[in-house]
$ cat entry.cif   # mmCIF, C-alpha atoms
data_work
loop_
_atom_site.label_atom_id
_atom_site.label_comp_id
_atom_site.auth_asym_id
_atom_site.auth_seq_id
_atom_site.Cartn_x
_atom_site.Cartn_y
_atom_site.Cartn_z
CA MET A 1 0.00 0.00 0.00
CA GLN A 2 2.96 2.33 0.52
CA GLN A 3 3.28 2.96 -3.23
CA ASN A 4 -0.24 4.34 -3.43
CA ILE A 5 0.30 6.50 -0.36
CA GLU A 6 3.13 8.14 -2.29
CA HIS A 7 0.81 8.51 -5.26
CA PHE A 8 -1.61 10.63 -3.20
CA VAL A 9 1.28 12.60 -1.70
CA GLU A 10 2.39 13.42 -5.24
CA SER A 11 -1.17 14.54 -6.06
CA TYR A 12 -0.94 16.92 -3.10
CA ARG A 13 2.29 18.42 -4.44
CA GLN A 14 0.79 18.89 -7.90
CA LEU A 15 -2.28 20.65 -6.52
CA GLN A 16 -0.40 23.09 -4.27
CA ASP A 17 0.02 25.64 -7.07
CA ARG A 18 -3.77 25.86 -7.43
CA TRP A 19 -4.14 26.73 -3.77
CA SER A 20 -2.03 29.87 -3.82
CA GLU A 21 -4.91 32.05 -2.57
CA GLN A 22 -5.91 29.83 0.32
CA PRO A 23 -5.50 31.23 3.86
CA ASP A 24 -2.52 30.21 5.98
CA TRP A 25 -4.65 28.25 8.44
CA LEU A 26 -5.92 26.05 5.61
CA SER A 27 -2.40 25.45 4.31
CA ASP A 28 -1.36 24.38 7.80
CA LEU A 29 -4.44 22.16 8.13
CA ARG A 30 -3.78 20.48 4.79
CA GLY A 31 -0.14 19.87 5.66
CA GLY A 32 -1.01 18.37 9.03
CA ALA A 33 -3.66 16.13 7.47
CA LEU A 34 -1.23 14.91 4.81
CA GLN A 35 1.28 14.02 7.51
CA VAL A 36 -1.35 12.07 9.46
CA PHE A 37 -2.34 10.19 6.31
CA SER A 38 1.27 9.46 5.32
CA GLU A 39 2.11 8.11 8.75
CA ALA A 40 -1.10 6.12 9.31
CA GLY A 41 -1.53 4.75 5.79
CA PHE A 42 -4.69 3.03 4.69
CA PRO A 43 -6.64 1.01 7.27
CA THR A 44 -6.34 -2.76 7.22
CA THR A 45 -8.51 -5.62 8.45
CA ARG A 46 -6.18 -5.94 11.44
CA GLN A 47 -7.84 -2.80 12.83
CA GLU A 48 -11.06 -3.50 14.73
CA GLU A 49 -13.03 -0.72 13.01
CA TRP A 50 -12.11 -2.16 9.59
CA LYS A 51 -12.16 -5.84 10.52
CA TYR A 52 -14.74 -6.79 7.89
CA THR A 53 -13.90 -4.21 5.22
CA ASN A 54 -10.86 -4.75 3.04
CA VAL A 55 -9.82 -1.61 1.14
CA ALA A 56 -6.80 -3.28 -0.48
CA PRO A 57 -8.44 -3.36 -3.97
CA LEU A 58 -8.88 0.42 -3.80
CA THR A 59 -5.25 1.02 -2.82
CA LYS A 60 -3.94 -0.89 -5.84
CA ILE A 61 -5.44 1.60 -8.33
CA SER A 62 -3.54 4.76 -9.28
CA PHE A 63 -6.28 7.38 -9.23
CA GLY A 64 -5.65 10.65 -11.00
CA SER A 65 -6.83 14.04 -9.73
CA ALA A 66 -9.57 16.05 -11.40
CA ALA A 67 -8.57 19.14 -13.36
CA GLY A 68 -10.10 21.30 -10.67
CA ASP A 69 -11.90 23.73 -12.99
CA SER A 70 -15.08 23.77 -15.04
CA GLU A 71 -13.26 23.81 -18.38
CA ALA A 72 -13.16 20.02 -18.71
CA VAL A 73 -15.66 20.25 -21.60
CA HIS A 74 -15.65 16.53 -22.36
CA GLY A 75 -16.55 15.69 -18.78
CA ILE A 76 -19.29 18.30 -18.69
CA GLU A 77 -20.86 17.08 -21.90
CA ARG A 78 -20.89 13.51 -20.64
CA ALA A 79 -22.29 14.63 -17.29
CA LYS A 80 -25.36 16.13 -18.96
CA GLN A 81 -26.54 12.59 -19.69
CA ALA A 82 -26.72 11.82 -15.98
CA ILE A 83 -27.99 15.18 -14.75
CA ALA A 84 -31.24 14.88 -16.66
CA SER A 85 -31.86 11.45 -15.14
CA TYR A 86 -30.95 12.28 -11.56
CA THR A 87 -32.31 15.80 -11.06
CA ILE A 88 -34.99 15.84 -8.35
CA ASP A 89 -38.08 17.98 -8.86
CA GLY A 90 -38.70 20.80 -6.43
CA CYS A 91 -35.03 21.29 -5.48
CA SER A 92 -32.38 23.94 -5.85
CA THR A 93 -29.50 22.02 -7.43
CA LEU A 94 -25.73 22.50 -7.26
CA VAL A 95 -23.95 20.22 -9.73
CA MET A 96 -20.40 18.92 -9.36
CA VAL A 97 -18.66 17.14 -12.22
CA ASP A 98 -15.63 15.07 -11.27
CA GLY A 99 -15.36 16.99 -8.01
CA THR A 100 -15.74 20.53 -9.37
CA VAL A 101 -18.84 22.74 -9.17
CA VAL A 102 -20.20 23.60 -12.63
CA PRO A 103 -22.43 26.72 -12.36
CA GLU A 104 -23.88 26.42 -15.88
CA LEU A 105 -25.32 23.00 -15.05
CA SER A 106 -26.68 24.10 -11.66
CA SER A 107 -30.04 25.70 -10.89
CA MET A 108 -29.63 27.67 -7.70
CA GLY A 109 -32.21 30.39 -7.25
CA GLU A 110 -32.34 32.95 -4.45
CA LEU A 111 -33.04 31.29 -1.12
CA ALA A 112 -35.39 32.61 1.56
CA GLY A 113 -34.25 34.48 4.65
CA GLY A 114 -30.80 35.34 3.37
CA ALA A 115 -29.63 31.73 3.24
CA GLN A 116 -26.56 31.11 1.12
CA VAL A 117 -25.15 28.26 -0.91
CA LYS A 118 -21.60 28.80 -2.10
CA THR A 119 -18.96 26.61 -3.62
CA LEU A 120 -16.35 25.54 -1.12
CA ARG A 121 -13.74 27.47 -3.12
CA GLU A 122 -15.73 30.69 -2.84
CA ALA A 123 -16.49 30.18 0.83
CA LEU A 124 -12.88 29.53 1.80
CA VAL A 125 -12.17 33.10 0.66
CA SER A 126 -15.36 35.02 1.48
CA GLU A 127 -16.37 33.10 4.62
CA ALA A 128 -12.89 32.31 5.89
CA SER A 129 -13.51 33.14 9.56
CA GLY A 130 -16.71 31.12 9.91
CA LEU A 131 -15.38 28.19 7.91
CA ARG A 132 -12.17 28.08 9.87
CA GLU A 133 -14.04 27.44 13.10
CA ALA A 134 -16.27 24.83 11.49
CA VAL A 135 -13.66 22.97 9.45
CA VAL A 136 -10.91 22.94 12.07
CA ARG A 137 -13.24 22.04 14.92
CA GLN A 138 -14.84 19.21 13.02
CA ALA A 139 -11.90 18.04 10.91
CA SER A 140 -11.43 15.04 13.23
CA PHE A 141 -8.99 13.29 10.96
CA GLU A 142 -6.75 11.93 13.71
CA GLY A 143 -7.07 8.16 13.39
CA TYR A 144 -9.21 8.45 10.24
CA ALA A 145 -6.99 8.01 7.19
CA PHE A 146 -9.63 8.80 4.58
CA ALA A 147 -10.83 11.94 6.40
CA ALA A 148 -7.20 13.06 6.61
CA LEU A 149 -6.78 12.42 2.89
CA ASN A 150 -9.92 14.43 2.17
CA THR A 151 -8.67 17.35 4.28
CA ALA A 152 -5.34 17.33 2.47
CA LEU A 153 -6.77 17.14 -1.06
CA MET A 154 -10.27 18.71 -0.92
CA GLN A 155 -10.72 21.04 -3.87
CA ASP A 156 -14.41 21.83 -4.02
CA GLY A 157 -17.79 21.11 -2.53
CA ALA A 158 -20.44 23.29 -0.96
CA TYR A 159 -21.01 25.65 1.95
CA ILE A 160 -24.63 26.01 3.08
CA PHE A 161 -25.41 28.74 5.60
CA VAL A 162 -28.94 29.26 6.96
CA PRO A 163 -29.29 32.34 9.21
CA ASP A 164 -31.39 32.70 12.34
CA GLY A 165 -35.06 31.87 11.83
CA ALA A 166 -34.81 31.22 8.09
CA VAL A 167 -37.03 28.45 6.74
CA ILE A 168 -35.87 26.96 3.43
CA GLU A 169 -38.86 25.13 1.99
CA GLN A 170 -37.11 23.89 -1.15
CA PRO A 171 -34.47 21.18 -0.57
CA ILE A 172 -30.91 21.92 -1.63
CA HIS A 173 -29.66 19.13 -3.89
CA LEU A 174 -25.90 18.57 -4.09
CA LEU A 175 -25.49 16.38 -7.17
CA SER A 176 -22.04 14.86 -7.76
CA VAL A 177 -21.46 13.21 -11.15
CA SER A 178 -18.43 11.09 -11.99
CA THR A 179 -17.80 10.93 -15.74
CA ALA A 180 -15.26 8.06 -15.55
CA GLY A 181 -13.00 9.37 -18.29
CA ALA A 182 -9.83 7.94 -19.77
CA GLN A 183 -8.21 7.09 -16.43
CA PRO A 184 -9.27 6.21 -12.88
CA LEU A 185 -10.19 9.38 -11.03
CA ALA A 186 -10.43 10.37 -7.36
CA THR A 187 -12.51 13.26 -6.03
CA HIS A 188 -12.37 14.63 -2.49
CA LEU A 189 -15.53 16.63 -1.77
CA ARG A 190 -16.20 18.65 1.39
CA TYR A 191 -19.66 19.86 2.38
CA VAL A 192 -20.25 22.24 5.30
CA ILE A 193 -23.81 22.88 6.50
CA MET A 194 -24.45 25.49 9.21
CA ALA A 195 -28.05 25.89 10.39
CA GLY A 196 -28.62 28.96 12.57
CA PRO A 197 -30.97 29.15 15.58
CA ASN A 198 -34.59 28.18 14.80
CA SER A 199 -33.85 27.65 11.12
CA ARG A 200 -35.10 24.84 8.84
CA VAL A 201 -33.29 23.28 5.88
CA THR A 202 -33.21 20.07 3.87
CA ALA A 203 -30.04 18.97 2.08
CA ILE A 204 -29.74 16.05 -0.36
CA GLU A 205 -26.40 14.57 -1.35
CA SER A 206 -26.50 12.47 -4.54
CA TYR A 207 -23.58 10.53 -5.99
CA VAL A 208 -23.94 9.06 -9.48
CA GLY A 209 -21.55 7.99 -12.20
CA LEU A 210 -21.19 7.02 -15.83
CA ALA A 211 -19.79 3.71 -16.99
CA GLY A 212 -16.04 3.69 -17.60
CA GLU A 213 -12.83 3.61 -15.57
CA PRO A 214 -13.01 3.10 -11.78
CA HIS A 215 -13.82 6.16 -9.72
CA PHE A 216 -13.03 6.88 -6.07
CA THR A 217 -15.23 9.31 -4.13
CA ASN A 218 -13.85 10.39 -0.75
CA SER A 219 -16.27 12.84 0.87
CA VAL A 220 -16.63 14.55 4.24
CA THR A 221 -19.81 16.35 5.33
CA GLN A 222 -19.88 18.56 8.43
CA VAL A 223 -23.15 19.74 9.95
CA GLN A 224 -23.69 22.20 12.78
CA VAL A 225 -27.24 22.47 14.12
CA ALA A 226 -27.87 25.53 16.33
CA PRO A 227 -30.47 25.75 19.13
CA GLY A 228 -34.02 25.18 17.92
CA ALA A 229 -32.94 24.38 14.36
CA ALA A 230 -34.03 21.39 12.26
CA VAL A 231 -31.92 19.78 9.53
CA ASP A 232 -33.08 16.96 7.28
CA HIS A 233 -30.16 15.29 5.49
CA TYR A 234 -30.49 12.72 2.72
CA LYS A 235 -27.70 10.82 1.03
CA VAL A 236 -28.28 8.76 -2.11
CA GLN A 237 -25.32 6.81 -3.45
CA ARG A 238 -25.82 5.23 -6.89
CA GLU A 239 -22.37 5.03 -8.45
CA GLN A 240 -21.14 2.46 -10.96
CA PRO A 241 -20.37 -1.18 -9.97
CA ASN A 242 -16.61 -0.55 -10.29
CA ALA A 243 -16.63 2.60 -8.13
CA TYR A 244 -15.31 3.06 -4.58
CA HIS A 245 -17.05 5.32 -2.10
CA ILE A 246 -15.77 6.35 1.34
CA ALA A 247 -17.73 9.00 3.26
CA ARG A 248 -17.78 10.59 6.68
CA LEU A 249 -20.67 12.60 8.16
CA GLN A 250 -19.95 14.59 11.32
CA VAL A 251 -22.80 16.31 13.17
CA ARG A 252 -22.83 18.54 16.24
CA GLN A 253 -26.19 19.36 17.81
CA ALA A 254 -26.99 22.22 20.16
CA GLU A 255 -29.95 22.68 22.52
CA SER A 256 -33.48 21.62 21.51
CA CYS A 257 -32.61 21.00 17.88
CA THR A 258 -33.41 18.16 15.48
CA PHE A 259 -31.26 16.31 12.97
CA ARG A 260 -32.61 13.59 10.69
CA SER A 261 -30.41 11.51 8.39
CA HIS A 262 -31.58 9.09 5.70
CA ALA A 263 -28.80 7.23 3.86
CA PHE A 264 -29.35 5.02 0.81
CA SER A 265 -26.49 2.87 -0.56
CA LEU A 266 -27.51 1.46 -3.94
CA GLY A 267 -24.25 1.34 -5.90
CA SER A 268 -20.44 0.90 -6.14
CA ALA A 269 -18.14 -2.06 -5.61
CA LEU A 270 -17.21 -0.92 -2.12
CA ALA A 271 -18.98 1.66 0.03
CA ARG A 272 -18.17 2.77 3.55
CA ASN A 273 -20.26 5.31 5.46
CA ASP A 274 -19.11 6.65 8.84
CA ILE A 275 -21.73 8.73 10.66
CA ASN A 276 -20.84 10.47 13.92
CA VAL A 277 -23.36 12.57 15.84
CA THR A 278 -22.69 14.41 19.11
CA LEU A 279 -25.66 15.64 21.15
CA GLU A 280 -24.00 18.53 22.97
CA ALA A 281 -26.93 20.14 24.79
CA GLN A 282 -30.24 19.22 26.41
CA GLY A 283 -33.42 18.58 24.46
CA SER A 284 -31.84 17.64 21.14
CA GLU A 285 -33.10 14.79 18.99
CA CYS A 286 -31.39 12.69 16.34
CA THR A 287 -32.73 10.19 13.81
CA LEU A 288 -30.47 7.99 11.69
CA ASN A 289 -32.13 5.80 9.07
CA GLY A 290 -30.46 3.80 6.33
CA LEU A 291 -31.11 1.30 3.56
CA PHE A 292 -28.54 -0.62 1.55
CA LEU A 293 -29.06 -3.04 -1.34
CA VAL A 294 -26.09 -5.02 -2.63
CA ASP A 295 -25.61 -8.00 -4.91
CA GLY A 296 -22.85 -9.74 -6.87
CA GLU A 297 -19.49 -9.30 -5.15
CA ARG A 298 -20.29 -5.83 -3.79
CA HIS A 299 -19.55 -4.70 -0.24
CA VAL A 300 -21.17 -2.00 1.92
CA ASP A 301 -20.16 -0.95 5.43
CA ASN A 302 -22.17 1.38 7.71
CA HIS A 303 -20.56 2.59 10.93
CA THR A 304 -22.66 4.91 13.11
CA THR A 305 -21.92 6.59 16.44
CA ILE A 306 -24.38 8.64 18.49
CA ASP A 307 -22.81 10.31 21.52
CA HIS A 308 -25.27 11.42 24.22
CA THR A 309 -23.24 13.87 26.30
CA GLN A 310 -26.14 15.78 27.94
CA PRO A 311 -29.44 14.83 29.62
CA ASN A 312 -32.94 14.77 28.09
CA CYS A 313 -31.92 13.86 24.54
CA ASN A 314 -33.48 11.30 22.20
CA SER A 315 -32.07 9.25 19.36
CA HIS A 316 -33.74 6.81 16.98
CA GLN A 317 -31.99 4.56 14.51
CA LEU A 318 -33.22 2.11 11.87
CA TYR A 319 -30.89 0.52 9.32
CA LYS A 320 -32.01 -2.15 6.87
CA GLY A 321 -29.94 -4.23 4.49
CA VAL A 322 -30.83 -6.44 1.52
CA LEU A 323 -28.04 -8.73 0.28
CA ASP A 324 -28.00 -11.07 -2.70
CA GLY A 325 -25.38 -13.09 -4.58
CA HIS A 326 -22.00 -13.09 -2.82
CA ALA A 327 -22.51 -9.59 -1.41
CA GLN A 328 -21.15 -8.58 1.98
CA GLY A 329 -22.55 -6.09 4.43
CA VAL A 330 -21.44 -4.55 7.72
CA PHE A 331 -23.45 -2.65 10.30
CA ASN A 332 -21.62 -1.35 13.37
CA GLY A 333 -23.81 0.96 15.43
CA LYS A 334 -22.63 2.53 18.67
CA ILE A 335 -24.60 4.53 21.20
CA PHE A 336 -22.71 6.22 24.03
CA VAL A 337 -24.58 7.59 27.06
CA ARG A 338 -22.22 9.68 29.19
CA SER A 339 -22.41 9.83 32.97
CA GLY A 340 -24.32 13.12 33.03
CA ALA A 341 -26.76 12.20 30.26
CA GLN A 342 -29.72 11.21 32.45
CA LYS A 343 -33.20 10.83 30.90
CA THR A 344 -31.70 9.65 27.63
CA ASP A 345 -34.08 7.78 25.32
CA ALA A 346 -32.17 5.86 22.64
CA LYS A 347 -33.43 3.17 20.27
CA GLN A 348 -31.39 1.30 17.69
CA SER A 349 -32.54 -1.38 15.25
CA ASN A 350 -30.75 -3.17 12.42
CA ASN A 351 -32.66 -5.63 10.21
CA ASN A 352 -31.06 -7.60 7.39
CA LEU A 353 -32.55 -9.73 4.64
CA LEU A 354 -30.38 -12.35 2.94
CA LEU A 355 -31.68 -13.36 -0.48
CA SER A 356 -28.83 -15.77 -1.18
CA PRO A 357 -27.09 -18.46 0.91
CA ASP A 358 -23.78 -16.94 -0.18
CA ALA A 359 -24.52 -13.40 1.07
CA THR A 360 -23.09 -12.38 4.46
CA ILE A 361 -23.75 -9.64 6.99
CA ASN A 362 -21.73 -8.72 10.06
CA ALA A 363 -23.94 -6.82 12.50
CA LYS A 364 -22.70 -5.33 15.75
CA PRO A 365 -25.14 -3.08 17.63
CA GLN A 366 -23.52 -1.59 20.73
CA LEU A 367 -24.60 0.33 23.82
CA GLU A 368 -22.20 1.90 26.31
CA ILE A 369 -24.18 3.43 29.16
CA PHE A 370 -22.67 5.35 32.06
CA ALA A 371 -25.94 6.81 33.43
CA ASP A 372 -28.62 5.03 35.45
CA ASP A 373 -31.85 6.86 34.53
CA VAL A 374 -32.18 6.04 30.84
CA LYS A 375 -34.31 4.11 28.34
CA CYS A 376 -32.08 2.41 25.79
CA THR A 377 -32.74 -0.52 23.46
CA HIS A 378 -30.83 -2.07 20.60
CA GLY A 379 -30.99 -5.16 18.45
CA ALA A 380 -30.20 -6.78 15.13
CA THR A 381 -31.96 -9.41 13.04
CA ILE A 382 -30.70 -11.48 10.11
CA GLY A 383 -33.09 -13.65 8.15
CA HIS A 384 -34.60 -14.82 4.89
CA LEU A 385 -37.93 -14.14 3.22
CA ASP A 386 -40.88 -15.42 5.18
CA GLU A 387 -41.95 -18.79 3.74
CA ASP A 388 -45.59 -18.33 4.77
CA ALA A 389 -45.75 -14.97 3.00
CA MET A 390 -44.15 -16.51 -0.09
CA PHE A 391 -46.71 -19.34 -0.05
CA TYR A 392 -49.57 -16.84 0.34
CA LEU A 393 -48.45 -14.84 -2.73
CA ARG A 394 -47.72 -17.94 -4.81
CA ALA A 395 -51.14 -19.35 -3.97
CA ARG A 396 -52.67 -16.22 -5.50
CA GLY A 397 -50.99 -16.66 -8.84
CA LEU A 398 -47.73 -14.74 -8.47
CA ASP A 399 -44.62 -16.46 -9.77
CA GLN A 400 -41.67 -16.96 -7.43
CA ASP A 401 -39.56 -14.06 -8.74
CA LEU A 402 -42.37 -11.55 -8.45
CA ALA A 403 -43.38 -12.75 -4.99
CA ARG A 404 -39.75 -12.54 -3.89
CA SER A 405 -39.34 -9.02 -5.27
CA LEU A 406 -42.58 -7.69 -3.78
CA LEU A 407 -41.71 -8.98 -0.30
CA THR A 408 -38.25 -7.43 -0.59
CA LEU A 409 -39.76 -4.13 -1.70
CA ALA A 410 -42.09 -4.19 1.31
CA PHE A 411 -39.11 -4.82 3.59
CA ALA A 412 -37.26 -1.82 2.17
CA SER A 413 -40.28 0.50 2.16
CA GLU A 414 -40.14 1.00 5.93
CA VAL A 415 -37.13 3.23 5.28
CA THR A 416 -38.14 4.82 1.97
CA ASP A 417 -41.56 5.71 3.37
CA GLN A 418 -39.90 8.02 5.91
CA VAL A 419 -38.56 10.30 3.17
CA ARG A 420 -40.45 13.60 3.47
CA HIS A 421 -39.77 15.14 0.05
CA ALA A 422 -42.28 13.42 -2.25
CA PRO A 423 -40.27 13.58 -5.52
CA LEU A 424 -37.22 12.12 -3.76
CA LYS A 425 -39.37 9.44 -2.14
CA ASP A 426 -40.76 8.46 -5.55
CA ALA A 427 -37.30 8.42 -7.11
CA LEU A 428 -35.93 6.20 -4.37
CA SER A 429 -38.87 3.81 -4.52
CA ASN A 430 -38.37 3.51 -8.28
CA ALA A 431 -34.62 2.99 -7.86
CA VAL A 432 -35.15 0.21 -5.33
CA ALA A 433 -37.78 -1.44 -7.55
CA ALA A 434 -35.42 -1.22 -10.53
CA MET A 435 -32.93 -3.35 -8.62
CA LEU A 436 -35.67 -5.98 -8.27
CA PRO A 437 -36.69 -6.56 -11.92
CA ALA A 438 -39.89 -8.44 -11.21
CA ALA A 439 -41.10 -5.73 -8.84
CA ASP A 440 -40.13 -3.02 -11.34
CA SER A 441 -42.17 -4.76 -14.01
CA ALA A 442 -45.18 -5.07 -11.71
CA ARG A 443 -45.02 -1.36 -10.78
CA SER A 444 -44.83 -0.32 -14.44
CA ASP A 445 -47.86 -2.44 -15.27
#

$ encode --input "entry.cif" --output "structure tokens"
Amino acid sequence: MQQNIEHFVESYRQLQDRWSEQPDWLSDLRGGALQVFSEAGFPTTRQEEWKYTNVAPLTKISFGSAAGDSEAVHGIERAKQAIASYTIDGCSTLVMVDGTVVPELSSMGELAGGAQVKTLREALVSEASGLREAVVRQASFEGYAFAALNTALMQDGAYIFVPDGAVIEQPIHLLSVSTAGAQPLATHLRYVIMAGPNSRVTAIESYVGLAGEPHFTNSVTQVQVAPGAAVDHYKVQREQPNAYHIARLQVRQAESCTFRSHAFSLGSALARNDINVTLEAQGSECTLNGLFLVDGERHVDNHTTIDHTQPNCNSHQLYKGVLDGHAQGVFNGKIFVRSGAQKTDAKQSNNNLLLSPDATINAKPQLEIFADDVKCTHGATIGHLDEDAMFYLRARGLDQDLARSLLTLAFASEVTDQVRHAPLKDALSNAVAAMLPAADSARSD
């Protein structure tokens, strides 16, 4: 793996000339992150947090860096094919092609209440003071090789700022398109979302790709939720079967605020999602929901951590997995309840459906409780389709494939039904059905 570490170090050196206008604090942060990455290297299965996820195939590919500007005409032209298919109705959309924001493909109107959406490049100059506090405080790359790599090499992304009391009715869609050009390509996106007191905003991250060379997406999303604010966050990952996707979501919640996350993993050869939420003040509430569908030789890994540091906070978590073929899945969910976090109410559930005898899932729900006045539950289930339900459907004239697909669709719908934006909910339901051909055919009829 050392050779590929040097490859990314060389990418850092090549990109330094493009960062001439960046502030000194960011240069120092990048340099420190690169050192952490160089010394730590890529994680291996000898590390407990990566025990079931082998990233060795990713490290053997020499990924190039994107041009870093919107003049890559070939990439933009190819991206238009995907944008039309993956645009979500009723959203303000910021489009990134191979890791770079492309304004002419975006449709960002004026937002209510003085809210702002800027490219990360713009914000690092115009919002330097606010971003410094957010990025440095939440960088958290010590011990996280991919987050360190992102911090060292991030070129673009988005900065969303919602001021006090602003209510943004229209979701903000961050659409990342990989064009998979003539060589393998890596993009390192950074999103920063800051919701002011008593504000409301919905953000959707979408990751899609075109068929071609392997692509590596390494993203970090940082969310700060102020007192009384509410943030709905959706992530939809539908990249190509030869893509690699590593992502980290870091959330800090203040008093009496709400954060809801809904993550959908429907693509790529290997996907890893790390979600870390800290409830820093009383009365805050967090919801983490997820759905992953994998088949063939694909692998998906979801690691979640909810840290209850203060009393009177609630958290709810539901993750569901559907695995077919020789697919592999991982769910590692941790809930910490600190000694002062009395009156905590935390629920965690992970349910997995194996459609093939060769599919595997490693589930590890965890509770660490250091308070005595709490209500906490957790559990995981792994099973196959209900034989009685299959018999019921077959007895009413459905063939085996259709019965199997409809039961799987019903299993997944518990998560998709919680999506609040109707066009996104419809798109996700259709995407899930499309992965179950018999169900897709039945819906179209």

$ resolve_selection --input "entry.cif" --expression "the PyMOL selection byres ((chain A and resi 135) around 12)" --output "PDB file with C-alpha atoms, in the frame of the given file"
ATOM      1  CA  TRP A  25      -4.650  28.250   8.440  1.00  0.00           C
ATOM      2  CA  LEU A  26      -5.920  26.050   5.610  1.00  0.00           C
ATOM      3  CA  LEU A  29      -4.440  22.160   8.130  1.00  0.00           C
ATOM      4  CA  ARG A  30      -3.780  20.480   4.790  1.00  0.00           C
ATOM      5  CA  LEU A 120     -16.350  25.540  -1.120  1.00  0.00           C
ATOM      6  CA  ALA A 123     -16.490  30.180   0.830  1.00  0.00           C
ATOM      7  CA  LEU A 124     -12.880  29.530   1.800  1.00  0.00           C
ATOM      8  CA  GLU A 127     -16.370  33.100   4.620  1.00  0.00           C
ATOM      9  CA  ALA A 128     -12.890  32.310   5.890  1.00  0.00           C
ATOM     10  CA  SER A 129     -13.510  33.140   9.560  1.00  0.00           C
ATOM     11  CA  GLY A 130     -16.710  31.120   9.910  1.00  0.00           C
ATOM     12  CA  LEU A 131     -15.380  28.190   7.910  1.00  0.00           C
ATOM     13  CA  ARG A 132     -12.170  28.080   9.870  1.00  0.00           C
ATOM     14  CA  GLU A 133     -14.040  27.440  13.100  1.00  0.00           C
ATOM     15  CA  ALA A 134     -16.270  24.830  11.490  1.00  0.00           C
ATOM     16  CA  VAL A 136     -10.910  22.940  12.070  1.00  0.00           C
ATOM     17  CA  ARG A 137     -13.240  22.040  14.920  1.00  0.00           C
ATOM     18  CA  GLN A 138     -14.840  19.210  13.020  1.00  0.00           C
ATOM     19  CA  ALA A 139     -11.900  18.040  10.910  1.00  0.00           C
ATOM     20  CA  SER A 140     -11.430  15.040  13.230  1.00  0.00           C
ATOM     21  CA  PHE A 141      -8.990  13.290  10.960  1.00  0.00           C
ATOM     22  CA  ALA A 147     -10.830  11.940   6.400  1.00  0.00           C
ATOM     23  CA  ASN A 150      -9.920  14.430   2.170  1.00  0.00           C
ATOM     24  CA  THR A 151      -8.670  17.350   4.280  1.00  0.00           C
ATOM     25  CA  MET A 154     -10.270  18.710  -0.920  1.00  0.00           C
ATOM     26  CA  TYR A 159     -21.010  25.650   1.950  1.00  0.00           C
ATOM     27  CA  ARG A 190     -16.200  18.650   1.390  1.00  0.00           C
ATOM     28  CA  TYR A 191     -19.660  19.860   2.380  1.00  0.00           C
ATOM     29  CA  VAL A 192     -20.250  22.240   5.300  1.00  0.00           C
ATOM     30  CA  ILE A 193     -23.810  22.880   6.500  1.00  0.00           C
ATOM     31  CA  MET A 194     -24.450  25.490   9.210  1.00  0.00           C
ATOM     32  CA  VAL A 220     -16.630  14.550   4.240  1.00  0.00           C
ATOM     33  CA  THR A 221     -19.810  16.350   5.330  1.00  0.00           C
ATOM     34  CA  GLN A 222     -19.880  18.560   8.430  1.00  0.00           C
ATOM     35  CA  VAL A 223     -23.150  19.740   9.950  1.00  0.00           C
ATOM     36  CA  GLN A 224     -23.690  22.200  12.780  1.00  0.00           C
ATOM     37  CA  GLN A 250     -19.950  14.590  11.320  1.00  0.00           C
ATOM     38  CA  VAL A 251     -22.800  16.310  13.170  1.00  0.00           C
TER      39      VAL A 251
END

$ closest_residue --input "entry.cif" --among "A:Phe146, A:Phe216, A:Trp50, A:Phe63" --to "Ser38 (chain A)" --atoms "only C-alpha atoms"
A:Phe146

$ residues_near_point --input "entry.cif" --point "(-24.5, 21.2, -1.8)" --cutoff "12 Å" --atoms "all atoms listed in the file" --output "compact mmCIF listing (two decimals) with C-alpha atoms, in the coordinates of the input"
# COMPACT_ATOMS: atom_id res chain seq x y z
CA CYS A 91 -35.03 21.29 -5.48
CA SER A 92 -32.38 23.94 -5.85
CA THR A 93 -29.50 22.02 -7.43
CA LEU A 94 -25.73 22.50 -7.26
CA VAL A 95 -23.95 20.22 -9.73
CA MET A 96 -20.40 18.92 -9.36
CA GLY A 99 -15.36 16.99 -8.01
CA THR A 100 -15.74 20.53 -9.37
CA VAL A 101 -18.84 22.74 -9.17
CA VAL A 102 -20.20 23.60 -12.63
CA SER A 106 -26.68 24.10 -11.66
CA SER A 107 -30.04 25.70 -10.89
CA MET A 108 -29.63 27.67 -7.70
CA GLN A 116 -26.56 31.11 1.12
CA VAL A 117 -25.15 28.26 -0.91
CA LYS A 118 -21.60 28.80 -2.10
CA THR A 119 -18.96 26.61 -3.62
CA LEU A 120 -16.35 25.54 -1.12
CA ASP A 156 -14.41 21.83 -4.02
CA GLY A 157 -17.79 21.11 -2.53
CA ALA A 158 -20.44 23.29 -0.96
CA TYR A 159 -21.01 25.65 1.95
CA ILE A 160 -24.63 26.01 3.08
CA PHE A 161 -25.41 28.74 5.60
CA PRO A 171 -34.47 21.18 -0.57
CA ILE A 172 -30.91 21.92 -1.63
CA HIS A 173 -29.66 19.13 -3.89
CA LEU A 174 -25.90 18.57 -4.09
CA LEU A 175 -25.49 16.38 -7.17
CA SER A 176 -22.04 14.86 -7.76
CA LEU A 189 -15.53 16.63 -1.77
CA ARG A 190 -16.20 18.65 1.39
CA TYR A 191 -19.66 19.86 2.38
CA VAL A 192 -20.25 22.24 5.30
CA ILE A 193 -23.81 22.88 6.50
CA MET A 194 -24.45 25.49 9.21
CA VAL A 201 -33.29 23.28 5.88
CA THR A 202 -33.21 20.07 3.87
CA ALA A 203 -30.04 18.97 2.08
CA ILE A 204 -29.74 16.05 -0.36
CA GLU A 205 -26.40 14.57 -1.35
CA SER A 206 -26.50 12.47 -4.54
CA TYR A 207 -23.58 10.53 -5.99
CA VAL A 220 -16.63 14.55 4.24
CA THR A 221 -19.81 16.35 5.33
CA GLN A 222 -19.88 18.56 8.43
CA VAL A 223 -23.15 19.74 9.95
CA HIS A 233 -30.16 15.29 5.49
CA TYR A 234 -30.49 12.72 2.72
CA LYS A 235 -27.70 10.82 1.03
